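Structure, as structure tokens:
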Amino acid sequence: MATITLSALRHSYEPDPSRDEDWALKRLDVAWQDGGAYALLGPSGCGKTTLLNIISGLVRPTEGRVLFDGRDVTDRPPDQRHIAQVFQFPVIYDTMTVRQNLAFPLRNRGVDAATIRDRVEEIAAMLELTDRLDRRAKGLTADGKQKISLGRGLVRDDVNVIMFDEPLTVIDPHLKWQLRSKLKELHQRVGRTMIYVTHDQTEALTFADQVVVMNMGQVVQVGTPVDLFERPRHTFVGHFIGSPGMNVLPCEGLDGRHALVGGHAVAVANPDPGAPARHMEVGVRPEFVAFAEPGEAGGLPVAVTRVRDAGRYRIADTRLNGTVPITVLVDEDTPIPAEDARLVFHPDHTRLYADGWMVGAQPGGAA
Amino acid sequence: MTKTVNQKAWLFVLPVLILVAFNAFIPLMTVVNYSVQETFGDNTFFWAGLMWFEDVLHSPRFHDALLRQLTFTFTILAIEIPLGVAIALTMPRRGVWVPVCLVTMALPLLIPWNVVGAIWNIFALPDIGLLGQVLNGLGFDYNFTRQPGAAWFTLIAMDVWHWTSLVVLLAYAGLVSIPDAFYQAAKIDGASGWAIFRYIQLPKMKRVLTIAVLLRFMDSFNIYTEPFVLTGGGPGNSTTLLSIDLVKVALGQFDLGPAAAMSLIYFLIVLLLSWVFYTLMMRNEDS
């Protein structure tokens, strides 16, 4: 068990990185607390797998250090780091039974037979594999195989961190949910640090206590699911997380505590005191936008272009000045005005963003 | 859903059927026909029943040739399969050397078989050949045209040189198809190099190795051209393999009946042993 610290890390697959784009991972400093359930969330190609492989030791970072409990392990191979990893596609040893698969990491480490037997039975029970222990691993379904991969990490008692690289990719949709809750349950039971890489926000938000959002080789925000939803530090987090994503509206300027959007003043929670030259935007989630009551004054006049029914709520697509799209979430019972539709934003959840970053938050995105 | 019956499809299969009929089925049936008849020339045939089959099965000459054939086939399999796997394991998986290695490996396979025989014949000649000169120079008494042992050594060396590449290429194809995740998982599980070979590489190569064993078994069991050019079956009968013996019976002595019976027995042995190999190697699949 250990706290994992990534210090001043940078990585490039190019032999001689010079330009900014050469870096698969831009400079980052992240600390992973012992016993935490983390998700590493981001679109394909954002560097999440690279980051995971750096922690596990399969990839050596170009710059920076990897520390386990303050000990520098940057140059240590995976088997000396005491980590476990579950891969995207199930990795099992075809010729072995489930029991032999689970025992394999222990046998390689010279653990005695009695201990191996007890450990394997214990972990098999935890993973609900007991009835299949003496079957050939090859015959199991994809979810069974992923459980074996995970089990090979769980049998070892020296594991600092278990890492998952999009482990549900090949699992049938109806089993995904099951396996996900199983993982959550196991995390609470064994108390090991777990890092879960995914590009699926539902997986990340349901599994993790802390979500690390990455984009273009950079960590843009580390926070609880609630943080990411209510206080996205970057417009990327705003529209990557949430369905539909955050409205990001062009902002022409500031007027005291108000931002100007399409010629209208909008109250924002974080008016910028200075540096107005930067590219300014206003971000507000569809959940925090509402239609103004008929008698209510103010609001942004919009035209409703489309209404979609999403079950317990409806999604209204509107346009401000005929060009700027704004999405609104509306309860089932709330009427959508047919004409003179005006939108009001919740002032505490309407924020100003400069060059993509939330005004008032430090760019760089470290925890 | 209505099922569309399109009888015209048969027309498209017809050319293949005709081709197979003329190059395989009809010749095979001709052989069956010869195998149960006796001829005294003049194109007159008499029913002979299973006489030729009994003759061949009781013939010491056939037994000897079969024994030599089995010895040859199992020796080259025992050398070529492990050697091929070993070479494939040492080949680079990525980088500029991959095409170089592949082309080098494929070269022996591109040489016509009779040329392979001729190359080795000259290469191994004790007076002018490089191999023969070197071996004699090193103090070995080596003359493959006179010594059965030396003839066997040369024959097997030639086959290993000619065909190990095939096993290498097949094994290599199996190796490169293993996803990196397997090696990474093995590293994390603390597996040794031997364990990686035994539990990842070998099982993943199993299918292509099965094909390699079958191909090498069938081809080596039917081998004719190279030993014919290299030793002509000699010295004496020491390297007379089944196919060489068969040609001697059929074309040398023109004994059509016994030759036909021998061909069929030969064919059935290849078929039977191929089936045994396949069943043994695949018995644990998909269980």
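Convention: chains lettered A, B, ... in structure tokens order; per-chain residue numbering from 1; ligands numbered from 1 as shown.
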Pick out the chain B residues within 10 Å of chain A. Count only C-alpha atoms. Give them as a PyMOL selection string.
-> chain B and resi 179+181-192+195-196+198-200+202-204+284-287
Go ahead and write the selection's residues with C-alpha atoms as a CSV table (one decimal), in the first residue's frame.
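Dumped everything to again.csv:
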```csv
chain,number,residue,atom,x,y,z
B,179,PRO,CA,-1.0,-8.7,-28.0
B,181,ALA,CA,-0.9,-7.0,-23.0
B,182,PHE,CA,0.0,-10.6,-22.5
B,183,TYR,CA,3.7,-9.9,-22.1
B,184,GLN,CA,2.9,-6.9,-19.8
B,185,ALA,CA,0.6,-9.0,-17.7
B,186,ALA,CA,3.2,-11.7,-17.4
B,187,LYS,CA,5.8,-9.1,-16.3
B,188,ILE,CA,3.4,-7.9,-13.6
B,189,ASP,CA,2.7,-11.5,-12.5
B,190,GLY,CA,6.5,-11.9,-12.2
B,191,ALA,CA,6.7,-14.7,-14.8
B,192,SER,CA,10.1,-16.0,-15.8
B,195,ALA,CA,7.0,-19.4,-18.0
B,196,ILE,CA,6.3,-16.7,-20.7
B,198,ARG,CA,5.4,-22.1,-21.7
B,199,TYR,CA,2.2,-20.4,-20.8
B,200,ILE,CA,1.8,-17.6,-23.4
B,202,LEU,CA,3.6,-21.8,-26.9
B,203,PRO,CA,-0.2,-21.9,-26.4
B,204,LYS,CA,-0.7,-18.9,-28.7
B,284,ASN,CA,-7.7,-29.9,-25.8
B,285,GLU,CA,-9.2,-27.2,-28.0
B,286,ASP,CA,-12.6,-25.7,-27.4
B,287,SER,CA,-13.3,-28.0,-24.5
```
What residues in stretch 49-157 of chain A get the DSSP label strand (DSSP E)? Please answer as an NGL selection string.
-> :A and (63-68 or 71-72 or 83-86)
B:Val13, B:Leu19, B:Ala65, B:Ala212 ranked by distance to B:Ser243, top pick (using only C-alpha atoms) | B:Ala65
So that I can see what lies close to stretch 307-310 of chain A, please list as a PDB file with all heavy atoms, in the first residue's frame the residues with an atom at most 12 Å from it, counting only C-alpha atoms and leaving out residues fewer than 6 positions away in the same chain.
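Output (part32.pdb):
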```
ATOM      1  N   SER A 243     -24.616  15.048 -19.581  1.00  0.00           N
ATOM      2  CA  SER A 243     -25.287  14.723 -20.827  1.00  0.00           C
ATOM      3  C   SER A 243     -26.664  15.352 -20.801  1.00  0.00           C
ATOM      4  O   SER A 243     -27.491  14.951 -20.015  1.00  0.00           O
ATOM      5  CB  SER A 243     -25.396  13.204 -20.977  1.00  0.00           C
ATOM      6  OG  SER A 243     -26.096  12.892 -22.132  1.00  0.00           O
ATOM      7  N   PRO A 244     -26.930  16.350 -21.591  1.00  0.00           N
ATOM      8  CA  PRO A 244     -26.008  17.043 -22.500  1.00  0.00           C
ATOM      9  C   PRO A 244     -24.960  17.853 -21.745  1.00  0.00           C
ATOM     10  O   PRO A 244     -25.133  18.143 -20.564  1.00  0.00           O
ATOM     11  CB  PRO A 244     -26.936  17.963 -23.295  1.00  0.00           C
ATOM     12  CG  PRO A 244     -28.103  18.194 -22.400  1.00  0.00           C
ATOM     13  CD  PRO A 244     -28.275  16.942 -21.598  1.00  0.00           C
ATOM     14  N   ALA A 316     -34.461  21.032 -24.287  1.00  0.00           N
ATOM     15  CA  ALA A 316     -34.885  22.018 -25.267  1.00  0.00           C
ATOM     16  C   ALA A 316     -33.661  22.657 -25.896  1.00  0.00           C
ATOM     17  O   ALA A 316     -32.753  23.124 -25.198  1.00  0.00           O
ATOM     18  CB  ALA A 316     -35.745  23.076 -24.603  1.00  0.00           C
ATOM     19  N   ASP A 317     -33.599  22.615 -27.234  1.00  0.00           N
ATOM     20  CA  ASP A 317     -32.523  23.313 -27.952  1.00  0.00           C
ATOM     21  C   ASP A 317     -33.044  24.688 -28.339  1.00  0.00           C
ATOM     22  O   ASP A 317     -34.100  24.803 -28.962  1.00  0.00           O
ATOM     23  CB  ASP A 317     -32.153  22.544 -29.230  1.00  0.00           C
ATOM     24  CG  ASP A 317     -31.538  21.207 -28.902  1.00  0.00           C
ATOM     25  OD1 ASP A 317     -30.919  21.097 -27.822  1.00  0.00           O
ATOM     26  OD2 ASP A 317     -31.689  20.268 -29.703  1.00  0.00           O
ATOM     27  N   THR A 318     -32.301  25.723 -27.974  1.00  0.00           N
ATOM     28  CA  THR A 318     -32.751  27.079 -28.304  1.00  0.00           C
ATOM     29  C   THR A 318     -31.601  27.817 -28.966  1.00  0.00           C
ATOM     30  O   THR A 318     -30.452  27.359 -28.937  1.00  0.00           O
ATOM     31  CB  THR A 318     -33.150  27.853 -27.030  1.00  0.00           C
ATOM     32  OG1 THR A 318     -31.959  28.116 -26.267  1.00  0.00           O
ATOM     33  CG2 THR A 318     -34.131  27.077 -26.185  1.00  0.00           C
ATOM     34  N   THR A 327     -28.692  24.959 -24.621  1.00  0.00           N
ATOM     35  CA  THR A 327     -29.515  23.801 -24.292  1.00  0.00           C
ATOM     36  C   THR A 327     -30.100  23.986 -22.892  1.00  0.00           C
ATOM     37  O   THR A 327     -29.409  24.464 -21.988  1.00  0.00           O
ATOM     38  CB  THR A 327     -28.657  22.524 -24.350  1.00  0.00           C
ATOM     39  OG1 THR A 327     -27.932  22.537 -25.574  1.00  0.00           O
ATOM     40  CG2 THR A 327     -29.507  21.287 -24.280  1.00  0.00           C
ATOM     41  N   VAL A 328     -31.336  23.591 -22.733  1.00  0.00           N
ATOM     42  CA  VAL A 328     -32.019  23.751 -21.448  1.00  0.00           C
ATOM     43  C   VAL A 328     -32.619  22.409 -21.035  1.00  0.00           C
ATOM     44  O   VAL A 328     -33.189  21.708 -21.882  1.00  0.00           O
ATOM     45  CB  VAL A 328     -33.179  24.773 -21.558  1.00  0.00           C
ATOM     46  CG1 VAL A 328     -33.717  25.134 -20.175  1.00  0.00           C
ATOM     47  CG2 VAL A 328     -32.747  26.005 -22.320  1.00  0.00           C
ATOM     48  N   LEU A 329     -32.460  22.043 -19.763  1.00  0.00           N
ATOM     49  CA  LEU A 329     -33.154  20.865 -19.244  1.00  0.00           C
ATOM     50  C   LEU A 329     -34.438  21.332 -18.588  1.00  0.00           C
ATOM     51  O   LEU A 329     -34.417  22.225 -17.734  1.00  0.00           O
ATOM     52  CB  LEU A 329     -32.301  20.139 -18.207  1.00  0.00           C
ATOM     53  CG  LEU A 329     -31.246  19.176 -18.686  1.00  0.00           C
ATOM     54  CD1 LEU A 329     -30.856  18.221 -17.558  1.00  0.00           C
ATOM     55  CD2 LEU A 329     -31.709  18.386 -19.886  1.00  0.00           C
ATOM     56  N   VAL A 330     -35.541  20.730 -18.967  1.00  0.00           N
ATOM     57  CA  VAL A 330     -36.835  21.151 -18.440  1.00  0.00           C
ATOM     58  C   VAL A 330     -37.527  19.938 -17.829  1.00  0.00           C
ATOM     59  O   VAL A 330     -37.529  18.858 -18.426  1.00  0.00           O
ATOM     60  CB  VAL A 330     -37.723  21.727 -19.575  1.00  0.00           C
ATOM     61  CG1 VAL A 330     -38.945  22.413 -18.998  1.00  0.00           C
ATOM     62  CG2 VAL A 330     -36.927  22.695 -20.428  1.00  0.00           C
ATOM     63  N   ASP A 331     -38.100  20.124 -16.619  1.00  0.00           N
ATOM     64  CA  ASP A 331     -38.876  19.048 -15.988  1.00  0.00           C
ATOM     65  C   ASP A 331     -40.030  18.646 -16.888  1.00  0.00           C
ATOM     66  O   ASP A 331     -40.498  19.439 -17.687  1.00  0.00           O
ATOM     67  CB  ASP A 331     -39.465  19.550 -14.656  1.00  0.00           C
ATOM     68  CG  ASP A 331     -38.401  19.590 -13.594  1.00  0.00           C
ATOM     69  OD1 ASP A 331     -37.375  18.907 -13.792  1.00  0.00           O
ATOM     70  OD2 ASP A 331     -38.585  20.321 -12.602  1.00  0.00           O
ATOM     71  N   GLU A 332     -40.516  17.449 -16.624  1.00  0.00           N
ATOM     72  CA  GLU A 332     -41.674  16.953 -17.383  1.00  0.00           C
ATOM     73  C   GLU A 332     -42.864  17.894 -17.286  1.00  0.00           C
ATOM     74  O   GLU A 332     -43.573  18.113 -18.254  1.00  0.00           O
ATOM     75  CB  GLU A 332     -42.089  15.597 -16.816  1.00  0.00           C
ATOM     76  CG  GLU A 332     -41.523  14.435 -17.563  1.00  0.00           C
ATOM     77  CD  GLU A 332     -41.977  13.144 -16.915  1.00  0.00           C
ATOM     78  OE1 GLU A 332     -41.902  13.025 -15.667  1.00  0.00           O
ATOM     79  OE2 GLU A 332     -42.412  12.268 -17.657  1.00  0.00           O
ATOM     80  N   PRO A 335     -44.017  23.827 -18.328  1.00  0.00           N
ATOM     81  CA  PRO A 335     -44.347  24.106 -19.732  1.00  0.00           C
ATOM     82  C   PRO A 335     -43.202  24.823 -20.432  1.00  0.00           C
ATOM     83  O   PRO A 335     -42.446  25.575 -19.803  1.00  0.00           O
ATOM     84  CB  PRO A 335     -45.588  25.005 -19.644  1.00  0.00           C
ATOM     85  CG  PRO A 335     -45.500  25.642 -18.290  1.00  0.00           C
ATOM     86  CD  PRO A 335     -44.771  24.689 -17.391  1.00  0.00           C
ATOM     87  N   ILE A 336     -43.066  24.606 -21.710  1.00  0.00           N
ATOM     88  CA  ILE A 336     -42.069  25.320 -22.510  1.00  0.00           C
ATOM     89  C   ILE A 336     -42.809  26.405 -23.271  1.00  0.00           C
ATOM     90  O   ILE A 336     -43.755  26.103 -24.013  1.00  0.00           O
ATOM     91  CB  ILE A 336     -41.350  24.370 -23.478  1.00  0.00           C
ATOM     92  CG1 ILE A 336     -40.501  23.396 -22.669  1.00  0.00           C
ATOM     93  CG2 ILE A 336     -40.496  25.148 -24.473  1.00  0.00           C
ATOM     94  CD1 ILE A 336     -39.833  22.330 -23.473  1.00  0.00           C
ATOM     95  N   PRO A 337     -42.471  27.686 -23.025  1.00  0.00           N
ATOM     96  CA  PRO A 337     -43.234  28.771 -23.643  1.00  0.00           C
ATOM     97  C   PRO A 337     -43.170  28.700 -25.165  1.00  0.00           C
ATOM     98  O   PRO A 337     -42.106  28.441 -25.742  1.00  0.00           O
ATOM     99  CB  PRO A 337     -42.558  30.047 -23.117  1.00  0.00           C
ATOM    100  CG  PRO A 337     -41.222  29.597 -22.638  1.00  0.00           C
ATOM    101  CD  PRO A 337     -41.348  28.181 -22.209  1.00  0.00           C
ATOM    102  N   ALA A 338     -44.325  28.922 -25.783  1.00  0.00           N
ATOM    103  CA  ALA A 338     -44.382  28.831 -27.240  1.00  0.00           C
ATOM    104  C   ALA A 338     -43.786  30.082 -27.875  1.00  0.00           C
ATOM    105  O   ALA A 338     -43.132  30.016 -28.902  1.00  0.00           O
ATOM    106  CB  ALA A 338     -45.824  28.653 -27.696  1.00  0.00           C
TER     107      ALA A 338
END
```
Determine which residues of stretch 62-286 of chain A receive a DSSP assignment of helix (DSSP H, G or I), computed from the backbone, and state them as a PyMOL selection string.
-> chain A and resi 78-81+98-108+113-126+130-132+137-139+142-154+173-190+201-207+225-230+235-240+286
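Our summary of the geometry notes that atom CA of A:Val111 is positioned 18.4 Å from atom CA of B:Trp194.
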Measuring atom to atom with only C-alpha atoms, identify which of A:Leu175, A:Met216, A:Val190, A:Leu129 is nearest to A:Thr50.
->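 Closest to A:Thr50, using only C-alpha atoms: A:Met216.
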